[in-house]
$ cat model-v6.tsv   # TSV, C-alpha atoms
chain	number	residue	atom	x	y	z
S	858	MET	CA	-7.96	71.06	-7.06
S	859	ASN	CA	-7.21	72.07	-3.52
S	860	LYS	CA	-10.54	72.19	-1.88
S	861	ARG	CA	-12.64	69.09	-1.76
S	862	PHE	CA	-16.09	70.62	-1.86
S	863	GLY	CA	-17.17	73.86	-3.39
S	864	LYS	CA	-20.47	75.63	-3.08
S	865	ASN	CA	-21.59	74.44	-6.49
S	866	ASP	CA	-20.99	70.86	-5.54
S	867	LEU	CA	-23.18	71.04	-2.49
S	868	ILE	CA	-25.98	72.64	-4.46
S	869	PHE	CA	-25.78	70.03	-7.21
S	870	LEU	CA	-25.60	67.11	-4.83
S	871	GLY	CA	-28.40	68.60	-2.81
S	872	ILE	CA	-30.63	68.87	-5.86
S	873	ILE	CA	-29.96	65.30	-6.94
S	874	LEU	CA	-30.64	64.01	-3.46
S	875	VAL	CA	-33.87	65.94	-3.18
S	876	LEU	CA	-34.93	64.71	-6.62
S	877	GLY	CA	-34.16	61.15	-5.75
S	878	ILE	CA	-35.88	61.19	-2.39
S	879	GLY	CA	-38.78	63.14	-3.81
S	880	LEU	CA	-39.36	60.68	-6.62
S	881	PHE	CA	-38.97	57.84	-4.17
S	882	VAL	CA	-41.62	59.25	-1.87
S	883	ILE	CA	-44.00	59.94	-4.75
S	884	PHE	CA	-43.66	56.43	-6.05
S	885	ARG	CA	-44.13	54.94	-2.63
S	886	MET	CA	-47.19	57.00	-1.95
S	887	GLN	CA	-48.95	55.65	-4.97
S	888	ASP	CA	-50.92	52.94	-3.34
S	889	ARG	CA	-50.16	50.13	-5.64
S	890	PRO	CA	-52.87	47.52	-5.48
S	891	ILE	CA	-51.97	43.89	-5.35
S	892	GLY	CA	-52.17	42.67	-8.90
S	893	GLU	CA	-54.21	39.73	-10.05
S	894	LYS	CA	-52.26	38.49	-12.99
S	895	ILE	CA	-48.81	38.48	-14.38
S	896	VAL	CA	-47.93	38.83	-18.01
S	897	ILE	CA	-44.74	37.26	-19.23
S	898	GLU	CA	-43.13	38.85	-22.25
S	899	GLN	CA	-40.40	37.37	-24.32
S	900	ASP	CA	-38.44	39.52	-26.72
S	901	GLY	CA	-41.10	42.19	-26.56
S	902	LYS	CA	-43.99	39.89	-27.38
S	903	THR	CA	-46.51	38.55	-24.92
S	904	TYR	CA	-45.73	34.99	-23.98
S	905	GLY	CA	-48.69	34.45	-21.72
S	906	THR	CA	-50.85	35.77	-18.95
S	907	TYR	CA	-51.23	33.91	-15.71
S	908	SER	CA	-53.29	34.37	-12.61
S	909	LEU	CA	-51.47	35.18	-9.41
S	910	LEU	CA	-54.21	33.44	-7.49
S	911	GLU	CA	-53.23	29.99	-8.72
S	912	ASN	CA	-50.02	28.44	-7.57
S	913	GLN	CA	-48.25	27.39	-10.71
S	914	SER	CA	-44.92	26.99	-12.35
S	915	ILE	CA	-44.41	28.40	-15.83
S	916	SER	CA	-41.59	27.35	-18.09
S	917	VAL	CA	-40.65	29.95	-20.64
S	918	LYS	CA	-39.27	28.34	-23.77
S	919	ASP	CA	-37.45	29.81	-26.69
S	920	GLU	CA	-38.03	29.01	-30.36
S	921	GLU	CA	-36.14	25.76	-30.19
S	922	GLY	CA	-38.21	24.58	-27.29
S	923	ASN	CA	-35.47	24.95	-24.69
S	924	VAL	CA	-36.61	26.25	-21.35
S	925	THR	CA	-34.85	29.53	-20.69
S	926	ASN	CA	-36.69	30.72	-17.60
S	927	MET	CA	-39.01	29.33	-15.02
S	928	VAL	CA	-41.43	31.56	-13.17
S	929	VAL	CA	-43.13	30.28	-10.06
S	930	ILE	CA	-46.33	31.70	-8.60
S	931	GLU	CA	-46.89	30.83	-4.98
S	932	GLU	CA	-49.17	32.43	-2.39
S	933	GLY	CA	-50.05	35.29	-4.70
S	934	VAL	CA	-46.44	36.21	-5.38
S	935	ALA	CA	-44.26	35.50	-8.39
S	936	HIS	CA	-40.53	35.05	-8.64
S	937	MET	CA	-37.95	33.71	-11.06
S	938	GLU	CA	-37.11	30.22	-9.95
S	939	GLU	CA	-34.70	29.18	-12.66
S	940	ALA	CA	-32.96	30.90	-15.51
S	941	SER	CA	-30.44	29.89	-18.11
S	942	CYS	CA	-28.73	33.27	-18.19
S	943	PRO	CA	-25.12	33.49	-16.98
S	944	ASP	CA	-25.64	36.11	-14.31
S	945	HIS	CA	-28.85	34.87	-12.64
S	946	LEU	CA	-29.61	38.45	-11.65
S	947	CYS	CA	-33.25	37.85	-12.43
S	948	MET	CA	-33.39	35.11	-9.82
S	949	GLU	CA	-32.13	37.52	-7.19
S	950	GLN	CA	-34.74	40.19	-7.85
S	951	LYS	CA	-37.39	40.30	-5.22
S	952	SER	CA	-40.72	38.56	-5.62
S	953	ILE	CA	-43.45	40.63	-7.15
S	954	SER	CA	-47.12	40.90	-6.44
S	955	LYS	CA	-48.05	44.55	-6.72
S	956	ASP	CA	-49.35	46.23	-9.83
S	957	LYS	CA	-46.61	47.20	-12.29
S	958	GLU	CA	-43.79	45.51	-10.43
S	959	THR	CA	-41.41	43.65	-12.73
S	960	ILE	CA	-38.74	41.01	-12.87
S	961	VAL	CA	-36.40	41.24	-15.81
S	962	CYS	CA	-34.06	38.69	-17.32
S	963	LEU	CA	-32.10	40.80	-19.75
S	964	PRO	CA	-29.95	38.14	-21.42
S	965	ASN	CA	-32.99	36.05	-22.24
S	966	LYS	CA	-35.16	39.10	-22.87
S	967	VAL	CA	-37.86	37.83	-20.59
S	968	THR	CA	-39.90	40.12	-18.39
S	969	VAL	CA	-42.60	39.37	-15.85
S	970	THR	CA	-44.99	42.22	-15.08
S	971	VAL	CA	-47.84	42.33	-12.62
S	972	ILE	CA	-51.07	43.73	-13.95
S	973	GLY	CA	-54.26	44.59	-12.17
S	974	GLY	CA	-57.68	43.06	-12.19
S	975	GLU	CA	-60.32	42.99	-14.91
S	976	SER	CA	-59.72	46.53	-16.02
S	977	GLY	CA	-56.01	45.94	-15.57
S	978	ASP	CA	-54.98	46.06	-19.15
S	979	LEU	CA	-51.52	47.44	-19.74
S	980	ASP	CA	-51.62	51.20	-20.08
S	981	ALA	CA	-48.98	51.21	-22.75
S	982	VAL	CA	-47.06	48.53	-24.46
S	983	ALA	CA	-44.14	49.37	-26.64
S	984	ASN	CA	-43.87	47.41	-29.80
Y	1324	MET	CA	5.18	59.77	-25.01
Y	1325	ARG	CA	6.30	56.41	-23.77
Y	1326	ASN	CA	5.33	57.40	-20.30
Y	1327	LYS	CA	1.81	58.30	-21.36
Y	1328	THR	CA	1.23	55.04	-23.17
Y	1329	ALA	CA	2.35	53.14	-20.12
Y	1330	TYR	CA	-0.12	55.01	-17.99
Y	1331	LEU	CA	-2.92	54.38	-20.45
Y	1332	GLY	CA	-2.15	50.68	-20.41
Y	1333	ILE	CA	-2.10	50.56	-16.65
Y	1334	PHE	CA	-5.37	52.42	-16.33
Y	1335	LEU	CA	-7.02	50.15	-18.86
Y	1336	ALA	CA	-5.84	47.04	-17.07
Y	1337	LEU	CA	-6.87	48.52	-13.75
Y	1338	SER	CA	-10.37	49.29	-14.90
Y	1339	MET	CA	-10.76	45.80	-16.33
Y	1340	ILE	CA	-9.66	44.24	-13.09
Y	1341	LEU	CA	-11.99	46.49	-11.11
Y	1342	SER	CA	-14.77	45.36	-13.40
Y	1343	TYR	CA	-13.94	41.76	-12.68
Y	1344	VAL	CA	-13.62	42.26	-8.94
Y	1345	GLU	CA	-16.99	43.97	-8.93
Y	1346	SER	CA	-18.54	40.91	-10.54
Y	1347	LEU	CA	-17.20	38.80	-7.71
Y	1348	ILE	CA	-18.80	40.86	-4.98
Y	1349	PRO	CA	-22.41	39.87	-4.45
Y	1350	PHE	CA	-24.07	43.25	-4.52
Y	1351	THR	CA	-27.65	42.67	-5.39
Y	1352	ILE	CA	-30.47	44.37	-3.63
Y	1353	GLY	CA	-33.25	42.82	-5.59
Y	1354	ILE	CA	-33.50	45.65	-8.08
Y	1355	PRO	CA	-32.16	45.23	-11.60
Y	1356	GLY	CA	-29.33	47.47	-12.65
Y	1357	VAL	CA	-27.77	48.38	-9.32
Y	1358	LYS	CA	-24.02	48.05	-9.45
Y	1359	LEU	CA	-20.99	49.30	-7.60
Y	1360	GLY	CA	-19.45	50.92	-10.64
Y	1361	LEU	CA	-15.89	50.39	-9.43
Y	1362	ALA	CA	-14.48	50.76	-12.93
Y	1363	ASN	CA	-15.82	54.29	-12.92
Y	1364	LEU	CA	-13.11	55.13	-10.43
Y	1365	VAL	CA	-10.56	54.93	-13.21
Y	1366	VAL	CA	-12.64	57.04	-15.57
Y	1367	VAL	CA	-13.01	59.81	-13.01
Y	1368	ILE	CA	-9.35	59.75	-12.09
Y	1369	MET	CA	-8.43	60.00	-15.74
Y	1370	ILE	CA	-10.86	62.80	-16.50
Y	1371	PHE	CA	-9.36	64.93	-13.79
Y	1372	GLY	CA	-5.83	63.65	-13.88
Y	1373	MET	CA	-5.07	63.04	-17.51
Y	1374	GLY	CA	-7.61	64.31	-19.95
Y	1375	THR	CA	-11.04	63.73	-21.40
Y	1376	LYS	CA	-9.96	62.07	-24.63
Y	1377	GLU	CA	-7.77	59.57	-22.85
Y	1378	ALA	CA	-10.47	58.82	-20.32
Y	1379	PHE	CA	-13.00	58.20	-23.07
Y	1380	GLY	CA	-10.67	55.90	-24.95
Y	1381	VAL	CA	-9.86	53.80	-21.93
Y	1382	SER	CA	-13.49	53.71	-20.88
Y	1383	VAL	CA	-14.79	52.44	-24.23
Y	1384	LEU	CA	-11.91	50.00	-24.64
Y	1385	ARG	CA	-12.51	48.63	-21.20
Y	1386	ILE	CA	-16.17	47.99	-21.92
Y	1387	VAL	CA	-15.52	46.33	-25.25
Y	1388	LEU	CA	-12.65	44.18	-24.02
Y	1389	THR	CA	-14.41	43.11	-20.85
Y	1390	GLY	CA	-17.44	42.32	-22.97
Y	1391	PHE	CA	-15.41	40.09	-25.25
Y	1392	LEU	CA	-13.78	38.35	-22.35
Y	1393	PHE	CA	-16.65	37.86	-19.97
Y	1394	GLY	CA	-19.85	38.79	-21.71
Y	1395	ASN	CA	-21.56	38.89	-25.03
Y	1396	GLY	CA	-22.78	41.35	-27.62
Y	1397	PHE	CA	-25.69	42.45	-25.49
Y	1398	SER	CA	-23.72	43.03	-22.33
Y	1399	ILE	CA	-21.44	45.30	-24.36
Y	1400	LEU	CA	-24.49	47.20	-25.56
Y	1401	TYR	CA	-25.86	47.72	-22.05
Y	1402	SER	CA	-22.52	48.70	-20.59
Y	1403	LEU	CA	-21.76	51.02	-23.47
Y	1404	SER	CA	-25.05	52.85	-23.20
Y	1405	GLY	CA	-24.60	53.41	-19.48
Y	1406	GLY	CA	-20.92	54.15	-19.89
Y	1407	ILE	CA	-21.25	56.65	-22.72
Y	1408	LEU	CA	-24.14	58.54	-21.18
Y	1409	SER	CA	-22.25	58.64	-17.92
Y	1410	PHE	CA	-19.09	59.80	-19.63
Y	1411	LEU	CA	-20.77	62.55	-21.61
Y	1412	GLY	CA	-22.39	63.84	-18.45
Y	1413	MET	CA	-19.14	63.80	-16.52
Y	1414	ALA	CA	-17.15	65.43	-19.32
Y	1415	LEU	CA	-19.73	68.16	-19.61
Y	1416	LEU	CA	-19.80	68.83	-15.90
Y	1417	LYS	CA	-16.04	68.91	-15.74
Y	1418	LYS	CA	-15.87	71.30	-18.68
Y	1419	THR	CA	-18.02	73.90	-16.97
Y	1420	GLY	CA	-15.38	74.03	-14.30
Y	1421	TRP	CA	-17.99	74.56	-11.64
Y	1422	PHE	CA	-17.87	71.16	-10.03
Y	1423	ARG	CA	-15.36	69.10	-8.17
Y	1424	CYS	CA	-14.51	65.48	-8.47
Y	1425	VAL	CA	-17.07	64.06	-6.06
Y	1426	THR	CA	-20.01	65.72	-7.77
Y	1427	VAL	CA	-18.87	64.66	-11.21
Y	1428	SER	CA	-18.49	61.09	-10.05
Y	1429	THR	CA	-21.92	61.12	-8.41
Y	1430	ALA	CA	-23.51	62.40	-11.59
Y	1431	GLY	CA	-21.62	59.74	-13.50
Y	1432	GLY	CA	-22.95	57.03	-11.27
Y	1433	VAL	CA	-26.53	58.18	-11.64
Y	1434	LEU	CA	-26.30	58.60	-15.39
Y	1435	HIS	CA	-24.74	55.18	-15.77
Y	1436	ASN	CA	-27.66	53.51	-14.05
Y	1437	ILE	CA	-30.20	55.53	-15.99
Y	1438	GLY	CA	-28.49	54.83	-19.31
Y	1439	GLN	CA	-28.57	51.11	-18.67
Y	1440	LEU	CA	-32.18	51.22	-17.60
Y	1441	ILE	CA	-33.20	53.03	-20.76
Y	1442	ILE	CA	-31.48	50.56	-23.03
Y	1443	ALA	CA	-32.84	47.61	-21.08
Y	1444	ALA	CA	-36.36	48.99	-21.38
Y	1445	LEU	CA	-35.90	49.40	-25.12
Y	1446	VAL	CA	-34.50	45.93	-25.67
Y	1447	VAL	CA	-37.21	44.08	-23.80
Y	1448	SER	CA	-39.91	46.55	-24.81
Y	1449	ASN	CA	-41.12	46.84	-21.27
Y	1450	PHE	CA	-41.41	50.31	-19.86
Y	1451	TYR	CA	-42.77	49.28	-16.50
Y	1452	ILE	CA	-39.22	48.83	-15.32
Y	1453	PHE	CA	-39.00	52.62	-15.08
Y	1454	TYR	CA	-40.91	52.07	-11.88
Y	1455	TYR	CA	-37.47	51.45	-10.39
Y	1456	ILE	CA	-35.97	54.82	-11.36
Y	1457	PRO	CA	-36.07	56.31	-7.86
Y	1458	VAL	CA	-34.18	53.38	-6.40
Y	1459	LEU	CA	-31.63	53.49	-9.21
Y	1460	LEU	CA	-31.24	57.23	-8.74
Y	1461	ILE	CA	-30.48	56.90	-5.08
Y	1462	ALA	CA	-28.24	53.86	-5.56
Y	1463	GLY	CA	-26.40	55.72	-8.31
Y	1464	VAL	CA	-25.92	58.73	-6.07
Y	1465	ILE	CA	-24.53	56.65	-3.25
Y	1466	THR	CA	-22.16	54.55	-5.33
Y	1467	GLY	CA	-21.08	57.57	-7.40
Y	1468	PHE	CA	-20.49	59.56	-4.26
Y	1469	VAL	CA	-18.33	56.94	-2.59
Y	1470	ASN	CA	-16.39	56.40	-5.83
Y	1471	GLY	CA	-15.99	60.14	-6.02
Y	1472	ILE	CA	-14.43	60.40	-2.60
Y	1473	VAL	CA	-11.99	57.60	-3.36
Y	1474	SER	CA	-11.09	59.08	-6.76
Y	1475	GLN	CA	-10.63	62.47	-5.22
Y	1476	GLU	CA	-8.24	61.25	-2.60
Y	1477	ILE	CA	-6.25	59.43	-5.25
Y	1478	ILE	CA	-6.10	62.43	-7.55
Y	1479	LEU	CA	-5.03	64.71	-4.75
Y	1480	ARG	CA	-2.12	62.44	-4.11
Y	1481	ILE	CA	-0.91	61.33	-7.51
Y	1482	GLY	CA	-2.59	63.76	-9.88
Y	1483	LYS	CA	0.57	65.77	-10.39
Y	1484	ARG	CA	2.53	62.78	-11.62
Y	1485	LEU	CA	0.16	61.84	-14.40
Y	1486	PRO	CA	1.04	62.94	-17.92
Y	1487	LYS	CA	-1.49	65.47	-19.09
Y	1488	GLY	CA	-3.26	64.86	-22.32
Y	1489	GLY	CA	-5.77	66.67	-24.45
Y	1490	LYS	CA	-9.12	67.96	-23.33

$ encode --input "model-v6.tsv" --output "structure tokens"
Amino acid sequence: MNKRFGKNDLIFLGIILVLGIGLFVIFRMQDRPIGEKIVIEQDGKTYGTYSLLENQSISVKDEEGNVTNMVVIEEGVAHMEEASCPDHLCMEQKSISKDKETIVCLPNKVTVTVIGGESGDLDAVAN
Amino acid sequence: MRNKTAYLGIFLALSMILSYVESLIPFTIGIPGVKLGLANLVVVIMIFGMGTKEAFGVSVLRIVLTGFLFGNGFSILYSLSGGILSFLGMALLKKTGWFRCVTVSTAGGVLHNIGQLIIAALVVSNFYIFYYIPVLLIAGVITGFVNGIVSQEIILRIGKRLPKGGK
């Protein structure tokens, strides 16, 4: 392996970069409307739906009644305030308010997804 | 033979330490699944320096052992899915012989992120998180690329000394 970069490498890297940037631009261009509600799912099942318009604090509990996550809605934006997971990655994810944005707490299997207005039912929910 | 086992042990320990160091560095950009992938350095070096089988063994062992030490069953699952997908991709690319180290590592980085995202989506049954694929792609490219450059420089310098294994 004497040379560092071959022609094939540049082509491959170029394609990946174009793909990545292309997808990025496409996603960004989709004017995502500000959502009206969030749906919190726990272990794949809906835990509850809450309006983004009301400031509130939601405690997500597991079967034994222990609070595993706390989601706070404030000024139309939701974020993970507290979580019992060891890594707290969910608490570092940025606040969400736009349609289809999500916050995920993998260890506790809790997800928070923004959904649209009246007609904003989820397009697809995996069971 | 003794020499090879020693190298395997060192690489395994190295990748576990890199994994640990990575967990100490606060590298969150608000998007789930973005990681530095430092342990991938070892995998890439081994794929090019020692052999695919050895690299695979060390890679899987590292994930399982680190999982036992610092994580839980699920973290092993997530890491494994990203790690195996990433490894398969890298091994395949290397096998074609068309690509150099940096490209293979970049592909590995991207595949690792995608693999983890897929498993995460399946576990929590929420497919809206695929909304973050473009960010993960780009993050994977960047981290894989930087890892690739580091691996490459290392291989260029010590590659000859490593005991070769099987493909």

$ closest_residue --input "model-v6.tsv" --among "Y:Ile1477, Y:Ile1399, Y:Ala1329, Y:Ala1443" --to "chain S" --atoms "all atoms listed in the file"
Y:Ala1443

$ residues_around --input "model-v6.tsv" --residues "range 1451-1455 of chain Y" --least-positions-apart "5" --cutoff "10 Å" --atoms "all atoms listed in the file" --output "number ranges by chain"
S: 881, 884, 956-961, 968-971, 979-982; Y: 1354-1356, 1437, 1440-1441, 1443-1444, 1460

$ closest_residue --input "model-v6.tsv" --among "Y:Phe1391, Y:Phe1371, Y:Phe1379, Y:Phe1397" --to "Pro964 in chain S" --atoms "only C-alpha atoms"
Y:Phe1397

$ interface_residues --input "model-v6.tsv" --of "chain Y" --to "chain S" --cutoff "6 Å" --atoms "all atoms listed in the file" --output "PyMOL selection string"
chain Y and resi 1353-1354+1422+1426+1447-1448+1457+1460-1461

$ closest_residue --input "model-v6.tsv" --among "S:Ile930, S:Val896, S:Met886, S:Ile953" --to "Gln913 in chain S" --atoms "all atoms listed in the file"
S:Ile930

$ residues_around --input "model-v6.tsv" --residues "Ile891 in chain S" --least-positions-apart "6" --cutoff "9 Å" --atoms "all atoms listed in the file" --output "PyMOL selection string"
chain S and resi 933+954-956+971-974

$ residues_around --input "model-v6.tsv" --residues "Ala1362 in chain Y" --least-positions-apart "3" --cutoff "10 Å" --atoms "all atoms listed in the file" --output "number ranges by chain"
Y: 1334-1335, 1337-1345, 1359, 1365-1367, 1382, 1385-1386, 1470

$ atom_distance --input "model-v6.tsv" --atom1 "CA of Ser916 in chain S" --atom2 "CA of Ser941 in chain S"
11.4 Å

$ atom_distance --input "model-v6.tsv" --atom1 "CA of Val1446 in chain Y" --atom2 "CA of Tyr904 in chain S"
15.8 Å

$ atom_distance --input "model-v6.tsv" --atom1 "CA of Val1383 in chain Y" --atom2 "CA of Asn1395 in chain Y"
15.2 Å

$ residues_around --input "model-v6.tsv" --residues "Ile1370 in chain Y" --least-positions-apart "3" --cutoff "10 Å" --atoms "only C-alpha atoms" --output "list in words"
Val1365, Val1366, Val1367, Met1373, Gly1374, Thr1375, Lys1376, Glu1377, Ala1378, Phe1379, Phe1410, Met1413, Ala1414, Lys1417, Cys1424, Val1427, Gly1488 and Lys1490 of chain Y

$ closest_residue --input "model-v6.tsv" --among "Y:Gly1463, Y:Gly1372, Y:Gly1394, Y:Gly1405" --to "Lys1358 in chain Y" --atoms "all atoms listed in the file"
Y:Gly1463

$ closest_residue --input "model-v6.tsv" --among "S:Glu939, S:Glu911, S:Thr903, S:Ile897" --to "Val924 in chain S" --atoms "all atoms listed in the file"
S:Glu939

$ closest_residue --input "model-v6.tsv" --among "Y:Thr1328, Y:Asn1449, Y:Asn1363, Y:Thr1389" --to "Ala1430 in chain Y" --atoms "only C-alpha atoms"
Y:Asn1363

$ build_atoms --input "model-v6.tsv" --residues "range 1385-1395 of chain Y" --atoms "all heavy atoms" --output "short mmCIF file (atom, residue, chain, number, x, y, z; two decimals), keeping the file's coordinate frame"
data_model
loop_
_atom_site.label_atom_id
_atom_site.label_comp_id
_atom_site.auth_asym_id
_atom_site.auth_seq_id
_atom_site.Cartn_x
_atom_site.Cartn_y
_atom_site.Cartn_z
N ARG Y 1385 -12.27 49.52 -22.33
CA ARG Y 1385 -12.51 48.63 -21.20
C ARG Y 1385 -13.82 47.89 -21.39
O ARG Y 1385 -13.91 46.67 -21.21
CB ARG Y 1385 -12.55 49.43 -19.91
CG ARG Y 1385 -12.58 48.58 -18.66
CD ARG Y 1385 -13.94 48.38 -18.09
NE ARG Y 1385 -14.65 49.62 -17.83
CZ ARG Y 1385 -15.90 49.68 -17.39
NH1 ARG Y 1385 -16.57 48.59 -17.18
NH2 ARG Y 1385 -16.46 50.84 -17.18
N ILE Y 1386 -14.86 48.62 -21.76
CA ILE Y 1386 -16.17 47.99 -21.92
C ILE Y 1386 -16.14 46.93 -23.02
O ILE Y 1386 -16.63 45.82 -22.83
CB ILE Y 1386 -17.22 49.07 -22.24
CG1 ILE Y 1386 -17.43 49.93 -21.00
CG2 ILE Y 1386 -18.52 48.44 -22.67
CD1 ILE Y 1386 -18.37 51.07 -21.24
N VAL Y 1387 -15.54 47.27 -24.15
CA VAL Y 1387 -15.52 46.33 -25.25
C VAL Y 1387 -14.69 45.09 -24.90
O VAL Y 1387 -15.12 43.95 -25.11
CB VAL Y 1387 -14.95 47.00 -26.52
CG1 VAL Y 1387 -14.74 45.99 -27.62
CG2 VAL Y 1387 -15.89 48.10 -26.99
N LEU Y 1388 -13.51 45.31 -24.34
CA LEU Y 1388 -12.65 44.18 -24.02
C LEU Y 1388 -13.26 43.29 -22.95
O LEU Y 1388 -13.24 42.06 -23.06
CB LEU Y 1388 -11.28 44.67 -23.56
CG LEU Y 1388 -10.39 45.20 -24.68
CD1 LEU Y 1388 -9.11 45.77 -24.10
CD2 LEU Y 1388 -10.07 44.10 -25.68
N THR Y 1389 -13.77 43.91 -21.90
CA THR Y 1389 -14.41 43.11 -20.85
C THR Y 1389 -15.59 42.34 -21.43
O THR Y 1389 -15.83 41.20 -21.07
CB THR Y 1389 -14.91 44.01 -19.71
OG1 THR Y 1389 -13.92 44.98 -19.42
CG2 THR Y 1389 -15.20 43.21 -18.47
N GLY Y 1390 -16.30 42.99 -22.35
CA GLY Y 1390 -17.44 42.32 -22.97
C GLY Y 1390 -17.00 41.09 -23.74
O GLY Y 1390 -17.61 40.03 -23.65
N PHE Y 1391 -15.90 41.23 -24.50
CA PHE Y 1391 -15.41 40.09 -25.25
C PHE Y 1391 -14.97 38.97 -24.34
O PHE Y 1391 -15.16 37.80 -24.61
CB PHE Y 1391 -14.23 40.50 -26.14
CG PHE Y 1391 -14.64 41.14 -27.42
CD1 PHE Y 1391 -13.91 42.17 -27.96
CD2 PHE Y 1391 -15.78 40.71 -28.08
CE1 PHE Y 1391 -14.29 42.77 -29.14
CE2 PHE Y 1391 -16.17 41.31 -29.28
CZ PHE Y 1391 -15.42 42.35 -29.81
N LEU Y 1392 -14.33 39.36 -23.24
CA LEU Y 1392 -13.78 38.35 -22.35
C LEU Y 1392 -14.85 37.65 -21.52
O LEU Y 1392 -14.85 36.44 -21.38
CB LEU Y 1392 -12.76 38.98 -21.40
CG LEU Y 1392 -11.39 39.29 -21.99
CD1 LEU Y 1392 -10.55 39.98 -20.95
CD2 LEU Y 1392 -10.72 38.00 -22.42
N PHE Y 1393 -15.73 38.46 -20.93
CA PHE Y 1393 -16.65 37.86 -19.97
C PHE Y 1393 -18.11 37.89 -20.37
O PHE Y 1393 -18.94 37.30 -19.74
CB PHE Y 1393 -16.54 38.59 -18.61
CG PHE Y 1393 -15.16 38.60 -18.06
CD1 PHE Y 1393 -14.47 39.79 -17.90
CD2 PHE Y 1393 -14.54 37.42 -17.70
CE1 PHE Y 1393 -13.19 39.81 -17.39
CE2 PHE Y 1393 -13.26 37.43 -17.19
CZ PHE Y 1393 -12.58 38.62 -17.03
N GLY Y 1394 -18.42 38.65 -21.41
CA GLY Y 1394 -19.85 38.79 -21.71
C GLY Y 1394 -20.18 38.43 -23.13
O GLY Y 1394 -19.57 37.56 -23.73
N ASN Y 1395 -21.16 39.14 -23.66
CA ASN Y 1395 -21.56 38.89 -25.03
C ASN Y 1395 -21.96 40.21 -25.66
O ASN Y 1395 -21.85 41.26 -25.04
CB ASN Y 1395 -22.73 37.91 -25.05
CG ASN Y 1395 -23.85 38.38 -24.15
OD1 ASN Y 1395 -24.22 39.55 -24.15
ND2 ASN Y 1395 -24.38 37.49 -23.35
#
